[in-house]
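> Below you'll find the structure I mean.
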Amino acid sequence: METNEKIRNIKEELDKELEGVEKQQELVEVKAKYLGKKGLVTELTANMKDLSIEEKKELGQLVNLLKNEVTEMINQKQQDLQNKELERRLKEEEIDISLPSRKIKKGSRHPFQRIIEDVEDFFVSMGYDVVDGPELETDENCFRRLNVPLGHPARDSQDTFYIDDEYLLRTQTSSVQARTMQANTEKTPIRMICPGKVYRRDDDATHSHQFGQVEGLVVDKDISLADLKGTLEMFAKKMLGENTKVRFRPSFFPFTEPSVEVDVTCFKCGGKGCPLCKQTGWIELLGAGMVHPNVLRMGGYDPEKWTGFAFGTGLDRLAMFRYAIPDIRYLYTNDIRFLEQFSRKDEENEVK
Amino acid sequence: MKLSRNFVSDYVDIEVDSKTLAEGMTSIGNEYDSCSPLLPVSHLIIGEVVDCVNHPDSDHLHVCQVNIGKAVLQIVCGAPNVRKGLKVIVALDGAKLPGGVIKKSMIRGQESNGMICSLAELGLEHKFLSAKDIEGIHELPQDAPVGEDPIHFLELDDEVIDFDLTSNRGDLLSILGMAYEIGALYEKKVKDIDLSYQENKEDVNTQFSLDIKTENCPLFLAKKVRNVTIKESPTFIKNRLIASGIRPINNIVDISNYVMLETGQPLHYYDADRLGEKLIVRMAEDGEELTTLDHQKRILSSQDIVIATDKEAVGLAGVMGGLTTEIEEDTKNIIIESAIFHASTIRKTAKKVLRSEASSRFEKGLDPKRTFMAIERSCHLLEKYADAEIVGGLVEYNHMDMNDREISITIDKINQVLGIELTQEEVVSILERLCFMVKIEKNGTLVVTVPTRRTDIYITEDLIEEVGRIYGIDRIKGKKMILPVVSGNVDRKKRYIRNKLADLGLNETLSYALIPERDVKLFTNDEFDLVKVLDPMSEERTTLRYSLLSSLMDVYQYNKARGQKDISIFEIGKGFSKVNGEYIEENKLAILMTGEYYLGLHPEKVDFYILKGILEEVLDSLGYKNRYSLIKDAKIKELHPGQSAIIIVNNTEIGVIGKVHPSLVKEDIYVMEINLDKLFDFRVKAMQYKEFSKYPAVNKDVAFVIKKEQQAEELVTVIRKSGGKLLTNISIFDVYEGENIGGDERSIAFNLTFQDQNRTLSDEEVMTLFEKIISETEKKCKAKLRDK
């Protein structure tokens with residue numbers, strides 16, 4: 001047979017054989033059969049030594065060409081097989097992405113604490129310190145140092161849980177005012193807030209015997225009621241929305257003089273009048289005033305030199321407003337279905 | 001305080017409507033609850049019943065023809081006292097009554113064009129109705145003008161503002177006080193009160209004496225009047241009492257109440273003949289009894305002030321008179337008592353016994369000048385409306401300062417505190433509106449004379465408030481404070497833990513610190529005394545909690561009862577205790593987990609190791625890595641003895657972790673609690689980068705067989721110790737119990753990592769170390785090497 005014809009036959013045969021190959025192993029066998037040491041391609045050169053130099057050269061070239069071609073064909077097949085295999089795998093690994101995800105339970109932070117953190121962040125940004133005070137307080141810090149001596153009528157409005165003659169559950173975070181002034185032995189200016197739990201003997205649909213308050217105190221030179229108003233205006237806008245307005249009404253607290261009640265435009269109706277604000281457009285939000293000279297004096301600050309303002313507000317109502325919670329008791333019932341709802345990031349205030 | 005507009009108009013002219021007045025008063029610090037007509041009615045007219053026949057189809061209804069002047073209306077009426085010739089109050093078609101709107105209608109076939117009214121139907125409270133008025137329609141006197149407004153005719157056309165006053169403004173618990181306040185608001189003069197009367201030639205001091213035996217009564221006045229006529233009060237007195245919420249009785253009792261309302265000074269009138277010739281004021285004996293005017297027997301204590309004769313107590317000072325000397329139908333002669341008692345003593349007695357109109361005034365402090373005025377005003381009214389003969393002289397015991405107070409203040413101080421710019425003229429004008437006298441000194445200082453009626457003003461700041469509120473406190477413009485820049489401090493550790501736990505899938509709770517006494521010692525083995533409130537609201541809220549875990553168990557029970565099974569919750573709060581007489585308050589973190597934690601197609605329930613992992617994550621992330629350990633411990637009886645441990649940080653116990661004991665709950669519940677104050681006492685170094693080794697690590701696996709009751713931690717400790725510095729990590733990758741090892745044994749497989757910071761370790765070196773670890777562990781833990 002002519003060499004050329006042999007070559008053609010080999011190629012044809014290979015072509016046929018490759019067509020039947022489906023597995024990697026078969027391809028390895030085919031490769032050995034053609035390109036192995038005793039493979040069909042190598043066999044072509046078996047009689048080489050009997051040929052002339054020119055013939056050797058010619059045959060060598062033809063066989064090399066064939067070798068390249070065969071290799072190329074096998075490689076091509078190799079690639080095809082790999083592609084097929086990949087396709088099979090992709091097909092096999094296809095999943096139903098609509099099945100449920102795998103995750104842990106959804107955690108949440110309590111709305112009460114969320115509000116505290118917001119209040120803290122606002123005041124810390126203005127240079128206030130956040131101070132913690134004991135809930136189990138002395139009568140001295142909770143009342144006497146706040147200008148509420150024994151027998152004072154203002155004690156009536158705050159039904160107190162007494163533990164013994166001197167100790168009680170604080171009825172107001174104002175107790176921390178007295179502590180802070182005393183603790184600051186250098187008598188430098190004070191800017192502080194104290195959020196926390198307070199307790200009163202009072203339990204009904206709108207009151208809980210345990211609730212939250214935040215107290216603020218500034219003591220410095222030349223502090224005025226106008227400064228207080230400016231500060232609370234910013235606070236109200238931050239907590240309740242940019243369009244919130246603040247109104248001062250004279251009032252009475254034993255530890256401030258002058259004292260004011262601070263109303264804000266109703267956060268439900270924006271001031272138009274609704275059942276929440278009893279059609280007045282205003283909601284009473286804070287009690288505040290200029291620190292009473294007796295309180296400054298008892299805290300070691302000379303009222304001739306120092307003035308200050310103080311304010312206090314309930315945290316529960318802020319939480320109820322922000323998250324549209326209709327009943328204060330929901331905050332303390334701890335129904336999982338309630339708690340789980342507070343699992344995401346707070347949005348910034350919407351401007352009404 | 002219910003303010004009758006008619007009443008206060010005696011003393012100050014009011015030119016605005018009542019709603020505006022109420023708003024105006026609110027703007028100067030006197031908040032109001034409600035403002036409404038005394039009787040909220042409309043479309044009423046006086047009529048005369050010109051004919052009255054029985055309803056043909058009813059045994060109690062009447063068909064009446066009522067002349068209302070411009071017409072005669074047929075009205076069906078069910079009242080038993082309706083009859084021909086009676087003058088009545090007619091509600092016309094469309095009339096608004098508290099019970100609804102009156103409409104023309106057919107009543108059992110008879111046309112009815114309105115309603116004949118009782119006073120109750122007009123909205124008068126039951127307690128103000130006479131016996132006759134309770135039974136039927138109101139019978140107007142025969143001179144009532146047909147066709148006119150009956151409310152006006154009855155002088156009930158009044159409006160009432162109910163104020164919610166601040167506790168410092170005791171002076172506003174009087175019509176006169178209100179008149180001064182309204183006068184200041186609208187710049188009106190307060191009119192004089194009529195105190196005129198005639199005295200006879202006698203001197204009461206020859207007939208009557210006082211013996212004041214307690215310092216709690218600094219001022220006591222007594223005056224005598226003779227031969228009073230007891231009868232019904234004039235209409236204006238009755239109506240003003242009604243508008244003020246007080247029930248009219250007879251002219252004598254009514255006058256004492258009327259004067260109290262006017263002046264704010266509570267009075268007591270005694271039947272002089274029953275009383276005798278002397279009054280004693282003293283503290284009660286413990287256990288002393290007194291029957292008060294309301295027929296209640298009161299047991300008194302040495303904290304209560306009583307008014308007494310030589311024989312017995314006749315009144316509970318400042319609260320209520322006694323029954324034995326009360327004014328009765330046959331009373332002729334009266335001793336009037338006008339006194340001041342120590343405010344907080346009265347407050348205590350009133351709180352214990354009874355809050356009355358009198359005590360609420362005594363409690364807030366009174367003006368001694370009004371104490372005198374009330375006597376004079378009583379005499380004036382008793383002479384005029386009870387034909388009294390006024391006995392001359394006054395029995396007087398007076399240890400009060402009667403002088404007005406002088407307070408100095410500068411314009412600068414006012415402006416500095418309020419943050420506004422008022423001129424001297426403006427300030428003086430405001431103070432004069434309040435009827436304070438102002439002297440201006442050469443240096444510009446104002447010397448302000450504050451009348452004794454203002455029991456709330458003592459210091460300059462009080463005056464500043466007065467200026468501020470009359471100027472209009474809301475007119476002050478808010479300033480943006482210019483503050484030196486300093487950074488505020490806030491402790492973010494607890495916040496960090498809360499965020500971490502929320503991220504780990506737990507829900508934060510907020511529960512009550514007051515819990516039932518029986519729960520306080522649960523989930524703890526610590527020695528401490530309970531912290532109980534003296535006067536709890538209920539058995540469920542008597543004691544401050546020490547551990548937060550019983551609260552979390554309650555939360556669990558609450559949710560379980562509502563079908564919730566997967567509960568992972570936490571709370572940070574205070575735990576309270578008393579140790580060696582000292583109160584202690586500590587921050588604690590409590591966690592409770594039960595039900596599924598991993599969700600999805602292959603959910604996984606909480607077990608001890610999930611909770612342990614959460615504990616480790618909290619401690620590691622706070623910087624306590626490698627500084628804590630768990631020690632198996634069965635001391636807490638609420639926890640499973642085989643699945644509980646104490647948590648140790650730096651060799652100090654800071655908390656507990658474990659499974660709730662199956663005798664408490666069926667479900668698998670895991671809890672932990674740590675004392676955050678104790679934890680935070682251990683300082684954590686700042687986070688700093690540490691160079692990691694660039695040389696290869698060698699990993700070796702080894703499994704040991706130990707007794708089941710042995711803890712893996714035992715092995716870890718020995719392995720770590722014998723491995724030394726080059727052993728950089730130990731991890732457990734398998735635990736096996738079953739075939740090929742003893743029934744009381746288990747196998748624990750470790751992967752050990754060896755590495756050096758500065759060089760590549762040689763095989764021999766690692767093998768030597770590995771052999772050492774094996775032999776040490778075998779020896780010290782009585783462990784067997786598995787599959788040698």
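Chain identifiers are assigned as A, B, and so on, following the order in which chains appear in the structure tokens; residues are numbered from 1 within each chain, and ligands are numbered from 1 in order of appearance.
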Could you make a table, as a Markdown table, of the residues of chain A that have an atom within 7 Å of an atom of chain B, each with its nearest atom pair and distance in Å to one decimal, counting only C-alpha atoms, in chain and number order?

```
| residue | atom | partner | partner_atom | distance |
| --- | --- | --- | --- | --- |
| A:Pro100 | CA | B:Gly600 | CA | 5.6 |
| A:Ser101 | CA | B:Gly600 | CA | 5.6 |
| A:Arg102 | CA | B:Gly600 | CA | 4.6 |
| A:Lys103 | CA | B:Leu599 | CA | 5.4 |
| A:Ile104 | CA | B:Tyr598 | CA | 4.3 |
| A:Lys105 | CA | B:Gly505 | CA | 4.7 |
| A:Lys106 | CA | B:Gly505 | CA | 4.6 |
| A:Gly107 | CA | B:Gly505 | CA | 3.6 |
| A:Ser108 | CA | B:Asn507 | CA | 4.6 |
| A:Arg109 | CA | B:Glu508 | CA | 5.1 |
| A:His110 | CA | B:Glu508 | CA | 5.3 |
| A:Val124 | CA | B:Gly488 | CA | 4.5 |
| A:Ser125 | CA | B:Gly488 | CA | 6.7 |
| A:Gly127 | CA | B:Gly488 | CA | 4.2 |
| A:Tyr128 | CA | B:Gly488 | CA | 4.6 |
| A:Asp129 | CA | B:Gly488 | CA | 4.5 |
| A:Val130 | CA | B:Val490 | CA | 5.0 |
| A:Gly151 | CA | B:Ser344 | CA | 4.9 |
| A:His152 | CA | B:Ser344 | CA | 6.9 |
| A:Pro153 | CA | B:Ser167 | CA | 6.5 |
| A:Ala154 | CA | B:Ser167 | CA | 6.5 |
| A:Phe161 | CA | B:Val533 | CA | 5.9 |
| A:Tyr162 | CA | B:Val533 | CA | 5.6 |
| A:Ile163 | CA | B:Val533 | CA | 4.5 |
| A:Asp164 | CA | B:Leu534 | CA | 6.8 |
| A:Arg201 | CA | B:Met537 | CA | 6.8 |
| A:Gln210 | CA | B:Tyr512 | CA | 6.7 |
| A:Asp222 | CA | B:Gln416 | CA | 6.6 |
| A:Ile223 | CA | B:Val417 | CA | 6.8 |
| A:Ser224 | CA | B:Val417 | CA | 4.5 |
| A:Leu225 | CA | B:Leu418 | CA | 4.8 |
| A:Ala226 | CA | B:Gly478 | CA | 4.7 |
| A:Asp227 | CA | B:Lys479 | CA | 5.0 |
| A:Lys229 | CA | B:Gly478 | CA | 4.5 |
| A:Gly230 | CA | B:Gly478 | CA | 3.8 |
| A:Thr231 | CA | B:Lys480 | CA | 6.6 |
| A:Arg247 | CA | B:Asp474 | CA | 5.9 |
| A:Phe248 | CA | B:Asp474 | CA | 4.7 |
| A:Arg249 | CA | B:Ser27 | CA | 5.7 |
| A:Pro250 | CA | B:Gly29 | CA | 4.2 |
| A:Ser251 | CA | B:Gly29 | CA | 5.0 |
| A:Phe252 | CA | B:Thr166 | CA | 6.0 |
| A:Glu257 | CA | B:Glu461 | CA | 5.8 |
| A:Pro258 | CA | B:Glu465 | CA | 4.5 |
| A:Leu331 | CA | B:Leu510 | CA | 7.0 |
| A:Tyr332 | CA | B:Ser511 | CA | 5.5 |
| A:Asn334 | CA | B:Thr509 | CA | 5.7 |
| A:Asp335 | CA | B:Asn559 | CA | 6.0 |
| A:Ile336 | CA | B:Asn559 | CA | 6.6 |
| A:Leu339 | CA | B:Asn507 | CA | 6.2 |
| A:Glu340 | CA | B:Asn507 | CA | 6.5 |
```
> Return as a ChimeraX atom specification the full set of residues in region 231-288 of chain A whose backbone-based DSSP assignment is helix (DSSP H, G or I).
/A:231-240
> Work out how far CA of Glu527 (chain B) is from CA of Val579 (chain B), in Å to one decimal.
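Spanning CA of Val579 (chain B) to CA of Glu527 (chain B) is a straight-line distance of 7.9 Å.
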> Counting only C-alpha atoms, which residue out of B:Gln207, B:Thr371, B:Thr229, B:Ser118 sits closest to Ile335 (chain B)?
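Smallest distance to Ile335 (chain B) is found for B:Gln207.
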> CA of Lys77 (chain A) to CA of Lys33 (chain A): how many Å, to one decimal?
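Calculated distance between CA of Lys77 (chain A) and CA of Lys33 (chain A) is 15.1 Å.
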> For Ile440 (chain B), please output as a list in words all residues within 10 Å (counting only C-alpha atoms; exclusion window: fewer than 2 positions along the same chain).
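Selected residues are Ser408, Ile409, Thr410, Gln424, Val428, Val438, Lys442, Asn443, Gly444, Thr445, Leu446, Val447 and Val448 of chain B.
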> Just list the residues in region 152-312 of chain A DSSP gives strand (DSSP E) on the backbone, as a PyMOL selection string.
chain A and resi 167-169+190-199+210-220+246-253+256-265+282-291+307-312
> Have a look at B:Ile89, B:Ile647, B:Cys781, B:Leu715 and name the one nearest to Ala749 (chain B); count only C-alpha atoms.
B:Leu715
> Can you list, as a VMD selection string, every protein, DNA or RNA residue that comes within 10 Å of Thr185 (chain A) when you count only C-alpha atoms, leaving out same-chain residues fewer than 6 positions away?
chain A and resid 299 to 301
> Create the file for the chosen residues now, containing N, CA and C atoms and written as a PDB file, in the first residue's frame.

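Writing the result to part-v4.pdb gives the following:
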```pdb
ATOM      1  N   GLY A 299     -25.663  71.499  95.128  1.00  0.00           N
ATOM      2  CA  GLY A 299     -24.713  70.765  94.295  1.00  0.00           C
ATOM      3  C   GLY A 299     -23.322  71.377  94.348  1.00  0.00           C
ATOM      4  N   GLY A 300     -23.167  72.433  95.143  1.00  0.00           N
ATOM      5  CA  GLY A 300     -21.852  73.046  95.299  1.00  0.00           C
ATOM      6  C   GLY A 300     -21.534  74.120  94.263  1.00  0.00           C
ATOM      7  N   TYR A 301     -22.550  74.578  93.539  1.00  0.00           N
ATOM      8  CA  TYR A 301     -22.352  75.641  92.554  1.00  0.00           C
ATOM      9  C   TYR A 301     -22.976  76.934  93.088  1.00  0.00           C
TER      10      TYR A 301
END
```
> Check the smallest atom-to-atom distance from each of A:Gly36, A:Gly212, A:Gly273, A:Pro254 to Cys194 (chain A) using only C-alpha atoms, then report the winner.
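The shortest atom-to-atom distance to Cys194 (chain A) comes from A:Gly212.
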> Kindly indicate which residue among B:Cys35, B:Ile102, B:Ile648, B:Val228 lies nearest to Val160 (chain B), using only C-alpha atoms for the distances.
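Closest to Val160 (chain B), using only C-alpha atoms: B:Cys35.
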> Report as a PyMOL selection string all protein, DNA and RNA residues lying within 10 Å of His268 (chain B), evaluated on only C-alpha atoms, omitting residues in the same chain fewer than 3 positions from it.
chain B and resi 222+253+256-257+260+265+315+317-318+320-321+326-327+334-339+358
> Save out the residues we just selected, C-alpha atoms, as an mmCIF file, in the first residue's frame.

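Now in again_23.cif:
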```cif
data_model
loop_
_atom_site.group_PDB
_atom_site.id
_atom_site.type_symbol
_atom_site.label_atom_id
_atom_site.label_comp_id
_atom_site.auth_asym_id
_atom_site.auth_seq_id
_atom_site.Cartn_x
_atom_site.Cartn_y
_atom_site.Cartn_z
ATOM 1 C CA ALA B 222 -62.535 82.818 116.735
ATOM 2 C CA VAL B 253 -73.099 76.017 105.994
ATOM 3 C CA SER B 256 -68.855 79.092 105.330
ATOM 4 C CA ASN B 257 -68.186 77.353 102.015
ATOM 5 C CA MET B 260 -63.794 79.633 101.661
ATOM 6 C CA GLN B 265 -59.432 80.269 103.772
ATOM 7 C CA GLY B 315 -62.833 68.439 114.916
ATOM 8 C CA ALA B 317 -58.063 70.233 112.152
ATOM 9 C CA GLY B 318 -57.884 71.223 108.511
ATOM 10 C CA MET B 320 -63.294 67.916 108.757
ATOM 11 C CA GLY B 321 -65.386 68.993 111.719
ATOM 12 C CA GLU B 326 -72.202 70.621 113.923
ATOM 13 C CA ILE B 327 -74.672 73.272 112.842
ATOM 14 C CA ILE B 334 -72.138 80.224 116.192
ATOM 15 C CA ILE B 335 -68.403 80.254 116.834
ATOM 16 C CA ILE B 336 -66.500 80.908 113.624
ATOM 17 C CA GLU B 337 -63.054 79.321 113.416
ATOM 18 C CA SER B 338 -60.527 80.701 110.945
ATOM 19 C CA ALA B 339 -57.053 79.265 111.398
ATOM 20 C CA ALA B 358 -60.481 72.402 103.198
#
```
> I'd like the contact shell of Leu66 (chain A) - 12 Å cut-off, only C-alpha atoms, skipping same-chain residues fewer than 6 positions apart - returned as a list in words.
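Those residues are Thr3, Asn4, Lys6, Ile7, Arg8, Asn9, Ile10, Lys11, Glu12, Leu14, Tyr34, Leu35, Leu40, Val41, Thr42, Leu44, Thr45, Leu59, Gly60, Glu72 and Met73 of chain A.
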> Using N, CA and C atoms, can you export the residues from the last selection as a short mmCIF file (atom, residue, chain, number, x, y, z; two decimals), in the first residue's frame?

```cif
data_model
loop_
_atom_site.label_atom_id
_atom_site.label_comp_id
_atom_site.auth_asym_id
_atom_site.auth_seq_id
_atom_site.Cartn_x
_atom_site.Cartn_y
_atom_site.Cartn_z
N THR A 3 2.05 4.84 1.01
CA THR A 3 2.09 5.52 2.29
C THR A 3 0.93 6.49 2.42
N ASN A 4 0.74 7.22 1.35
CA ASN A 4 -0.34 8.21 1.39
C ASN A 4 -1.70 7.59 1.70
N LYS A 6 -2.11 4.78 3.26
CA LYS A 6 -2.11 4.35 4.66
C LYS A 6 -2.48 5.52 5.58
N ILE A 7 -1.87 6.63 5.26
CA ILE A 7 -2.13 7.80 6.09
C ILE A 7 -3.61 8.17 6.05
N ARG A 8 -4.15 8.16 4.84
CA ARG A 8 -5.56 8.48 4.70
C ARG A 8 -6.42 7.50 5.50
N ASN A 9 -6.04 6.20 5.38
CA ASN A 9 -6.81 5.19 6.12
C ASN A 9 -6.75 5.43 7.63
N ILE A 10 -5.55 5.75 8.09
CA ILE A 10 -5.40 5.98 9.54
C ILE A 10 -6.33 7.12 9.97
N LYS A 11 -6.30 8.18 9.19
CA LYS A 11 -7.11 9.33 9.56
C LYS A 11 -8.60 9.00 9.55
N GLU A 12 -8.99 8.26 8.52
CA GLU A 12 -10.40 7.90 8.44
C GLU A 12 -10.82 7.04 9.63
N LEU A 14 -9.34 6.83 12.50
CA LEU A 14 -9.34 7.63 13.74
C LEU A 14 -10.63 8.43 13.86
N TYR A 34 -2.93 5.11 18.56
CA TYR A 34 -2.38 5.83 17.41
C TYR A 34 -1.01 6.41 17.68
N LEU A 35 -0.87 7.00 18.89
CA LEU A 35 0.36 7.74 19.11
C LEU A 35 1.32 7.04 20.07
N LEU A 40 -0.28 3.12 15.69
CA LEU A 40 -0.42 3.04 14.23
C LEU A 40 0.44 4.08 13.51
N VAL A 41 0.54 5.25 14.11
CA VAL A 41 1.33 6.30 13.47
C VAL A 41 2.82 5.94 13.51
N THR A 42 3.25 5.47 14.65
CA THR A 42 4.67 5.12 14.79
C THR A 42 5.03 3.96 13.87
N LEU A 44 4.21 3.34 11.01
CA LEU A 44 4.50 3.77 9.63
C LEU A 44 6.01 3.88 9.37
N THR A 45 6.71 4.15 10.48
CA THR A 45 8.16 4.34 10.31
C THR A 45 8.95 3.04 10.58
N LEU A 59 9.28 10.46 4.09
CA LEU A 59 8.38 9.73 4.99
C LEU A 59 8.31 10.43 6.36
N GLY A 60 9.52 10.80 6.81
CA GLY A 60 9.56 11.52 8.13
C GLY A 60 8.63 12.70 8.15
N GLU A 72 -3.88 16.81 17.10
CA GLU A 72 -4.88 17.89 17.05
C GLU A 72 -6.30 17.34 17.15
N MET A 73 -6.54 16.23 16.42
CA MET A 73 -7.87 15.62 16.44
C MET A 73 -8.23 15.11 17.84
#
```
> Looking at only C-alpha atoms, which of B:Asp33, B:Glu232, B:Glu202, B:Asp273 is the one that sits closest to Phe163 (chain B)?
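Closest to Phe163 (chain B), using only C-alpha atoms: B:Asp33.
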> Which distance in Å separates CA of Ser629 (chain B) and CA of Arg720 (chain B), to one decimal?
14.4 Å
> Pick out the residues sitting within 12 Å of Glu383 (chain B), and hand them over as a compact mmCIF listing (two decimals) with N, CA and C atoms, in the first residue's frame; count only C-alpha atoms, and ignore anything fewer than 4 positions along from it in its own chain.

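Full text of out_6.txt as output:
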```txt
# COMPACT_ATOMS: atom_id res chain seq x y z
N LEU B 195 -66.64 93.89 103.35
CA LEU B 195 -66.38 93.28 104.65
C LEU B 195 -67.12 94.01 105.77
N SER B 196 -68.16 94.79 105.38
CA SER B 196 -68.82 95.63 106.38
C SER B 196 -69.84 94.84 107.20
N TYR B 197 -69.97 95.20 108.47
CA TYR B 197 -71.01 94.64 109.35
C TYR B 197 -71.03 95.43 110.64
N GLN B 198 -72.08 95.23 111.40
CA GLN B 198 -72.23 95.91 112.70
C GLN B 198 -71.91 94.95 113.82
N GLU B 199 -71.22 95.44 114.86
CA GLU B 199 -70.96 94.59 116.02
C GLU B 199 -71.78 95.06 117.20
N ASN B 200 -72.12 94.12 118.08
CA ASN B 200 -72.80 94.56 119.31
C ASN B 200 -71.76 94.99 120.35
N LYS B 224 -67.73 85.26 117.38
CA LYS B 224 -69.03 84.71 117.73
C LYS B 224 -70.15 85.53 117.08
N VAL B 225 -71.18 84.85 116.61
CA VAL B 225 -72.39 85.55 116.13
C VAL B 225 -73.58 84.90 116.81
N ARG B 226 -74.64 85.73 116.99
CA ARG B 226 -75.81 85.25 117.74
C ARG B 226 -77.06 85.25 116.86
N ASN B 227 -78.03 84.43 117.31
CA ASN B 227 -79.39 84.48 116.80
C ASN B 227 -79.52 84.38 115.29
N VAL B 228 -78.83 83.43 114.72
CA VAL B 228 -78.94 83.28 113.27
C VAL B 228 -80.28 82.62 112.91
N THR B 229 -80.76 82.93 111.71
CA THR B 229 -81.94 82.25 111.18
C THR B 229 -81.44 81.25 110.16
N ILE B 230 -81.77 79.99 110.38
CA ILE B 230 -81.32 78.99 109.41
C ILE B 230 -82.39 78.80 108.35
N ASN B 251 -78.23 78.14 104.67
CA ASN B 251 -77.49 79.40 104.52
C ASN B 251 -76.21 79.45 105.35
N ILE B 252 -76.21 78.86 106.55
CA ILE B 252 -75.02 78.95 107.42
C ILE B 252 -73.86 78.14 106.84
N ILE B 255 -72.65 79.65 103.60
CA ILE B 255 -71.82 80.86 103.73
C ILE B 255 -70.39 80.47 104.09
N GLU B 376 -64.21 88.41 108.68
CA GLU B 376 -65.00 89.62 108.40
C GLU B 376 -66.04 89.37 107.31
N ARG B 377 -65.61 88.62 106.29
CA ARG B 377 -66.53 88.34 105.20
C ARG B 377 -67.68 87.46 105.70
N SER B 378 -67.36 86.52 106.58
CA SER B 378 -68.40 85.68 107.18
C SER B 378 -69.42 86.54 107.92
N CYS B 379 -68.90 87.47 108.73
CA CYS B 379 -69.79 88.32 109.50
C CYS B 379 -70.71 89.12 108.57
N ASP B 387 -79.43 86.94 109.27
CA ASP B 387 -79.90 87.83 110.35
C ASP B 387 -79.04 87.76 111.59
N ALA B 388 -77.75 87.50 111.43
CA ALA B 388 -76.88 87.31 112.60
C ALA B 388 -76.59 88.62 113.30
N GLU B 389 -76.45 88.52 114.61
CA GLU B 389 -75.98 89.64 115.43
C GLU B 389 -74.52 89.34 115.73
N ILE B 390 -73.64 90.27 115.38
CA ILE B 390 -72.21 89.98 115.48
C ILE B 390 -71.69 90.43 116.84
N VAL B 391 -71.13 89.49 117.57
CA VAL B 391 -70.58 89.82 118.89
C VAL B 391 -69.25 90.53 118.68
```
